[in-house]
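Input: a single structure, listed below in structure tokens.
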Amino acid sequence: MMVPRSDVPKWVVVLTTSRTREDVVSSVMYAYIYIDSIVKWSNLSLQLIVVENSGVGYPELANLTNLDVVVSNTSDEYAGSKSMQEASSLEAVMEHMKNHPMRYGKSTHLLKVTGRYFLEGIEESIKKLPQGKDFYVQRHYDANIKWQNSEYFGIRKELLPEVTSTVLLGDNEAETTMEHALWKVSRDHSFAIFDNTDFHNEMPRGGDGLVFNPL
């Protein structure tokens with residue numbers, strides 16, 4: 001698929017979040033983690049979209065005017081798959097951007113970040129990246145099993161449907177995980193690795209609770 005090229009990426013940060021968890025304590029904990037991260041991101045100069053996939057949104061952040069909150073309700077529909085929940089949320093973001101061309105029409109790339117993470121130094125980091133690539137991926141991957149970590153990744157916005165459709169319409173379980181889909185699609189296009197900055201991280205990822213530091 002050929003897409004228009006731009007030498008210098010124009011970024012929109014997309015934070016994916018899910019407030020409603022298996023119990024009240026977990027839901028409150030994640031809300032605190034997400035809100036802390038969102039406030040930090042909102043202090044940067046990058047355009048920011050926060051998507052929340054359990055239908056709750058962030059009424060606590062109504063006073064923040066420099067971000068858009070997109071509320072979807074996919075946590076029940078895709079209850080068995082966090083990857084599918086995230087992919088569906090990202091499709092809601094694409095629809096939101098399409099409906100607001102004055103705000104997002106000039107953007108070229110999205111930086112998808114799992115909402116619990118804040119990448120200290122990201123503004124300087126993206127300035128150092130090779131220009132004109134379709135994907136910008138983490139240093140954490142496993143070529144043997146075709147796995148690309150997806151806590152964050154940069155993507156030319158026209159290519160995001162290739163990733164989300166691979167997750168949502170994959171023929172087998174491997175294809176419907178975000179990490180396998182990201183490997184598959186990114187390796188079919190030009191890509192570079194975020195290896196110019198060590199993003200300090202003490203936040204465990206979901207599922208197995210592993211901490212990748214640097215992220």
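Here, A, B, ... name the chains of the structure tokens in the order displayed, residue numbers run from 1 inside each chain, and ligands are numbered from 1 in the same displayed order.
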
Select from stretch 54-126 of chain A every residue with an atom at most 12 Å from any atom of stretch 195-215 of chain A, then for each give the shortest pair of atoms and their distance in Å to one decimal, using only C-alpha atoms, rows by chain and rising number, as CSV.
```
residue,atom,partner,partner_atom,distance
A:Ser81,CA,A:Gly207,CA,11.1
A:Lys82,CA,A:Gly206,CA,9.3
A:Ser83,CA,A:Gly206,CA,11.3
A:Val113,CA,A:Leu215,CA,11.3
A:Thr114,CA,A:Arg205,CA,9.1
A:Gly115,CA,A:Arg205,CA,10.7
A:Arg116,CA,A:Met203,CA,7.5
A:Tyr117,CA,A:Met203,CA,7.1
A:Phe118,CA,A:Asn201,CA,8.3
A:Leu119,CA,A:Phe199,CA,5.7
A:Glu120,CA,A:Phe199,CA,6.1
A:Gly121,CA,A:Phe199,CA,7.4
A:Ile122,CA,A:Thr197,CA,8.1
A:Glu123,CA,A:Thr197,CA,10.6
A:Glu124,CA,A:Thr197,CA,8.8
A:Ser125,CA,A:Thr197,CA,6.1
A:Ile126,CA,A:Asn196,CA,8.9
```

Restricted to C-alpha atoms, what would the selected residues look like written as a PDB file, in the first residue's frame?
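Contents of the output file selection_30.pdb:
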```
ATOM      1  CA  SER A  81      -8.855 -10.117  24.442  1.00  0.00           C
ATOM      2  CA  LYS A  82      -7.029  -6.981  25.572  1.00  0.00           C
ATOM      3  CA  SER A  83      -5.527  -6.709  22.083  1.00  0.00           C
ATOM      4  CA  VAL A 113       1.111   4.549  24.130  1.00  0.00           C
ATOM      5  CA  THR A 114      -0.514   2.256  26.665  1.00  0.00           C
ATOM      6  CA  GLY A 115      -2.026   4.807  29.017  1.00  0.00           C
ATOM      7  CA  ARG A 116      -0.233   3.785  32.202  1.00  0.00           C
ATOM      8  CA  TYR A 117       3.131   4.817  30.744  1.00  0.00           C
ATOM      9  CA  PHE A 118       4.693   8.256  30.519  1.00  0.00           C
ATOM     10  CA  LEU A 119       7.772   8.491  28.298  1.00  0.00           C
ATOM     11  CA  GLU A 120      10.059  11.067  29.873  1.00  0.00           C
ATOM     12  CA  GLY A 121      11.970  12.897  27.149  1.00  0.00           C
ATOM     13  CA  ILE A 122       9.717  11.794  24.282  1.00  0.00           C
ATOM     14  CA  GLU A 123       9.632  15.218  22.606  1.00  0.00           C
ATOM     15  CA  GLU A 124      13.395  15.267  22.162  1.00  0.00           C
ATOM     16  CA  SER A 125      13.462  11.593  21.264  1.00  0.00           C
ATOM     17  CA  ILE A 126      11.105  11.892  18.299  1.00  0.00           C
TER      18      ILE A 126
END
```

Just the residues within 12 Å of A:Leu168, please, counting only C-alpha atoms, with nothing from its chain fewer than 5 positions along; format it as a PyMOL selection string. chain A and resi 77-78+81-91+161-163+173-178+181

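Pairwise distance (atom CA of A:Pro101, atom CA of A:Ser45) equals 19.2 Å.
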
Please list as number ranges by chain every residue within 8 Å of A:Val14, counting only C-alpha atoms and excluding residues in the same chain fewer than 5 positions away. A: 48-51, 110-113

Can you list, as an NGL selection string, every protein, DNA or RNA residue that comes within 8 Å of stretch 134-139 of chain A when you count only C-alpha atoms, leaving out same-chain residues fewer than 2 positions away? :A and (132 or 141 or 148-150 or 152-156 or 159 or 186 or 189-195 or 215)

For A:Ser42, which of A:Ala79, A:Met102, A:Val25, A:Val13 is the closest residue, counting only C-alpha atoms?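 Checking each of A:Ala79, A:Met102, A:Val25, A:Val13 against A:Ser42, counting only C-alpha atoms, the winner is A:Val13.
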
Compile the contact shell of A:Ser72 as a PyMOL selection string: residues with an atom at most 9 Å away, counting only C-alpha atoms, same-chain residues fewer than 5 positions apart removed. chain A and resi 51-57+88-89+92

Resulting file, chosen residues, N, CA and C atoms, as an mmCIF file, in the first residue's frame:
```cif
data_model
loop_
_atom_site.group_PDB
_atom_site.id
_atom_site.type_symbol
_atom_site.label_atom_id
_atom_site.label_comp_id
_atom_site.auth_asym_id
_atom_site.auth_seq_id
_atom_site.Cartn_x
_atom_site.Cartn_y
_atom_site.Cartn_z
ATOM 1 N N VAL A 51 -8.141 7.631 24.727
ATOM 2 C CA VAL A 51 -9.314 6.795 24.463
ATOM 3 C C VAL A 51 -9.535 5.889 25.663
ATOM 4 N N GLU A 52 -10.788 5.828 26.125
ATOM 5 C CA GLU A 52 -11.156 5.015 27.281
ATOM 6 C C GLU A 52 -12.216 4.028 26.820
ATOM 7 N N ASN A 53 -11.967 2.719 27.012
ATOM 8 C CA ASN A 53 -12.782 1.722 26.320
ATOM 9 C C ASN A 53 -13.847 1.033 27.165
ATOM 10 N N SER A 54 -14.082 1.521 28.388
ATOM 11 C CA SER A 54 -15.125 0.898 29.198
ATOM 12 C C SER A 54 -16.345 1.793 29.370
ATOM 13 N N GLY A 55 -16.370 2.901 28.634
ATOM 14 C CA GLY A 55 -17.533 3.768 28.637
ATOM 15 C C GLY A 55 -17.578 4.794 29.741
ATOM 16 N N VAL A 56 -16.537 4.884 30.560
ATOM 17 C CA VAL A 56 -16.537 5.792 31.711
ATOM 18 C C VAL A 56 -15.996 7.163 31.351
ATOM 19 N N GLY A 57 -14.916 7.192 30.582
ATOM 20 C CA GLY A 57 -14.286 8.460 30.250
ATOM 21 C C GLY A 57 -13.497 9.036 31.410
ATOM 22 N N SER A 88 -10.001 -2.085 18.745
ATOM 23 C CA SER A 88 -11.293 -1.446 18.547
ATOM 24 C C SER A 88 -11.278 0.000 19.029
ATOM 25 N N SER A 89 -10.597 0.254 20.146
ATOM 26 C CA SER A 89 -10.452 1.619 20.641
ATOM 27 C C SER A 89 -9.709 2.492 19.640
ATOM 28 N N ALA A 92 -11.901 3.653 16.964
ATOM 29 C CA ALA A 92 -12.711 4.788 17.409
ATOM 30 C C ALA A 92 -11.917 6.090 17.328
#
```

As a PyMOL selection string, please: every residue in stretch 43-190 of chain A that a backbone DSSP assignment puts in strand (DSSP E). chain A and resi 47-52+68-71+109-114+135-137+141-142+147-148+152-156

For C-alpha atoms, I'd like the residues from the last selection saved as a PDB file, in the first residue's frame.
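File written: again_15.pdb
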```pdb
ATOM      1  CA  GLN A  47      -1.395  16.871  20.349  1.00  0.00           C
ATOM      2  CA  LEU A  48      -3.068  14.363  22.660  1.00  0.00           C
ATOM      3  CA  ILE A  49      -6.021  11.986  22.373  1.00  0.00           C
ATOM      4  CA  VAL A  50      -7.038   9.733  25.252  1.00  0.00           C
ATOM      5  CA  VAL A  51      -9.314   6.795  24.463  1.00  0.00           C
ATOM      6  CA  GLU A  52     -11.156   5.015  27.281  1.00  0.00           C
ATOM      7  CA  ASP A  68      -9.520  15.071  23.372  1.00  0.00           C
ATOM      8  CA  VAL A  69     -11.122  12.198  25.252  1.00  0.00           C
ATOM      9  CA  VAL A  70     -12.709   9.525  23.073  1.00  0.00           C
ATOM     10  CA  VAL A  71     -15.040   7.178  24.945  1.00  0.00           C
ATOM     11  CA  HIS A 109       1.944   9.881  12.504  1.00  0.00           C
ATOM     12  CA  LEU A 110       0.376   8.554  15.670  1.00  0.00           C
ATOM     13  CA  LEU A 111       2.328   7.640  18.764  1.00  0.00           C
ATOM     14  CA  LYS A 112       0.253   4.921  20.449  1.00  0.00           C
ATOM     15  CA  VAL A 113       1.111   4.549  24.130  1.00  0.00           C
ATOM     16  CA  THR A 114      -0.514   2.256  26.665  1.00  0.00           C
ATOM     17  CA  PHE A 135       6.747   2.702  11.771  1.00  0.00           C
ATOM     18  CA  TYR A 136       8.798   3.523  14.855  1.00  0.00           C
ATOM     19  CA  VAL A 137       8.929   0.559  17.225  1.00  0.00           C
ATOM     20  CA  TYR A 141      11.083  -7.673  20.194  1.00  0.00           C
ATOM     21  CA  ASP A 142      11.610 -11.359  19.477  1.00  0.00           C
ATOM     22  CA  TRP A 147       6.745 -10.528  18.403  1.00  0.00           C
ATOM     23  CA  GLN A 148       7.052  -6.755  18.668  1.00  0.00           C
ATOM     24  CA  TYR A 152       4.252   2.184  22.535  1.00  0.00           C
ATOM     25  CA  PHE A 153       4.825   2.517  18.824  1.00  0.00           C
ATOM     26  CA  GLY A 154       4.774   5.203  16.163  1.00  0.00           C
ATOM     27  CA  ILE A 155       2.840   4.631  12.958  1.00  0.00           C
ATOM     28  CA  ARG A 156       1.949   6.560   9.844  1.00  0.00           C
TER      29      ARG A 156
END
```

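Once A:Glu60 and its same-chain neighbours fewer than 3 positions away are set aside, Ala31, Tyr32, Tyr34, Ile35, Asp36, Ile38, Val39, Val56, Gly57, Asn63, Leu64 and Val69 of chain A remain within 12 Å of it when counting only C-alpha atoms.
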
Output of the above residues as a PDB file, in the first residue's frame, restricted to C-alpha atoms:
```
ATOM      1  CA  ALA A  31      -7.988   5.347  37.335  1.00  0.00           C
ATOM      2  CA  TYR A  32      -5.331   6.935  39.556  1.00  0.00           C
ATOM      3  CA  TYR A  34      -4.127   6.730  34.165  1.00  0.00           C
ATOM      4  CA  ILE A  35      -5.022  10.206  35.403  1.00  0.00           C
ATOM      5  CA  ASP A  36      -1.488  10.765  36.705  1.00  0.00           C
ATOM      6  CA  ILE A  38      -2.585  11.797  31.310  1.00  0.00           C
ATOM      7  CA  VAL A  39      -1.809  14.957  33.276  1.00  0.00           C
ATOM      8  CA  VAL A  56     -16.537   5.792  31.711  1.00  0.00           C
ATOM      9  CA  GLY A  57     -14.286   8.460  30.250  1.00  0.00           C
ATOM     10  CA  ASN A  63     -10.748  21.222  32.992  1.00  0.00           C
ATOM     11  CA  LEU A  64      -7.955  20.072  30.660  1.00  0.00           C
ATOM     12  CA  VAL A  69     -11.122  12.198  25.252  1.00  0.00           C
TER      13      VAL A  69
END
```
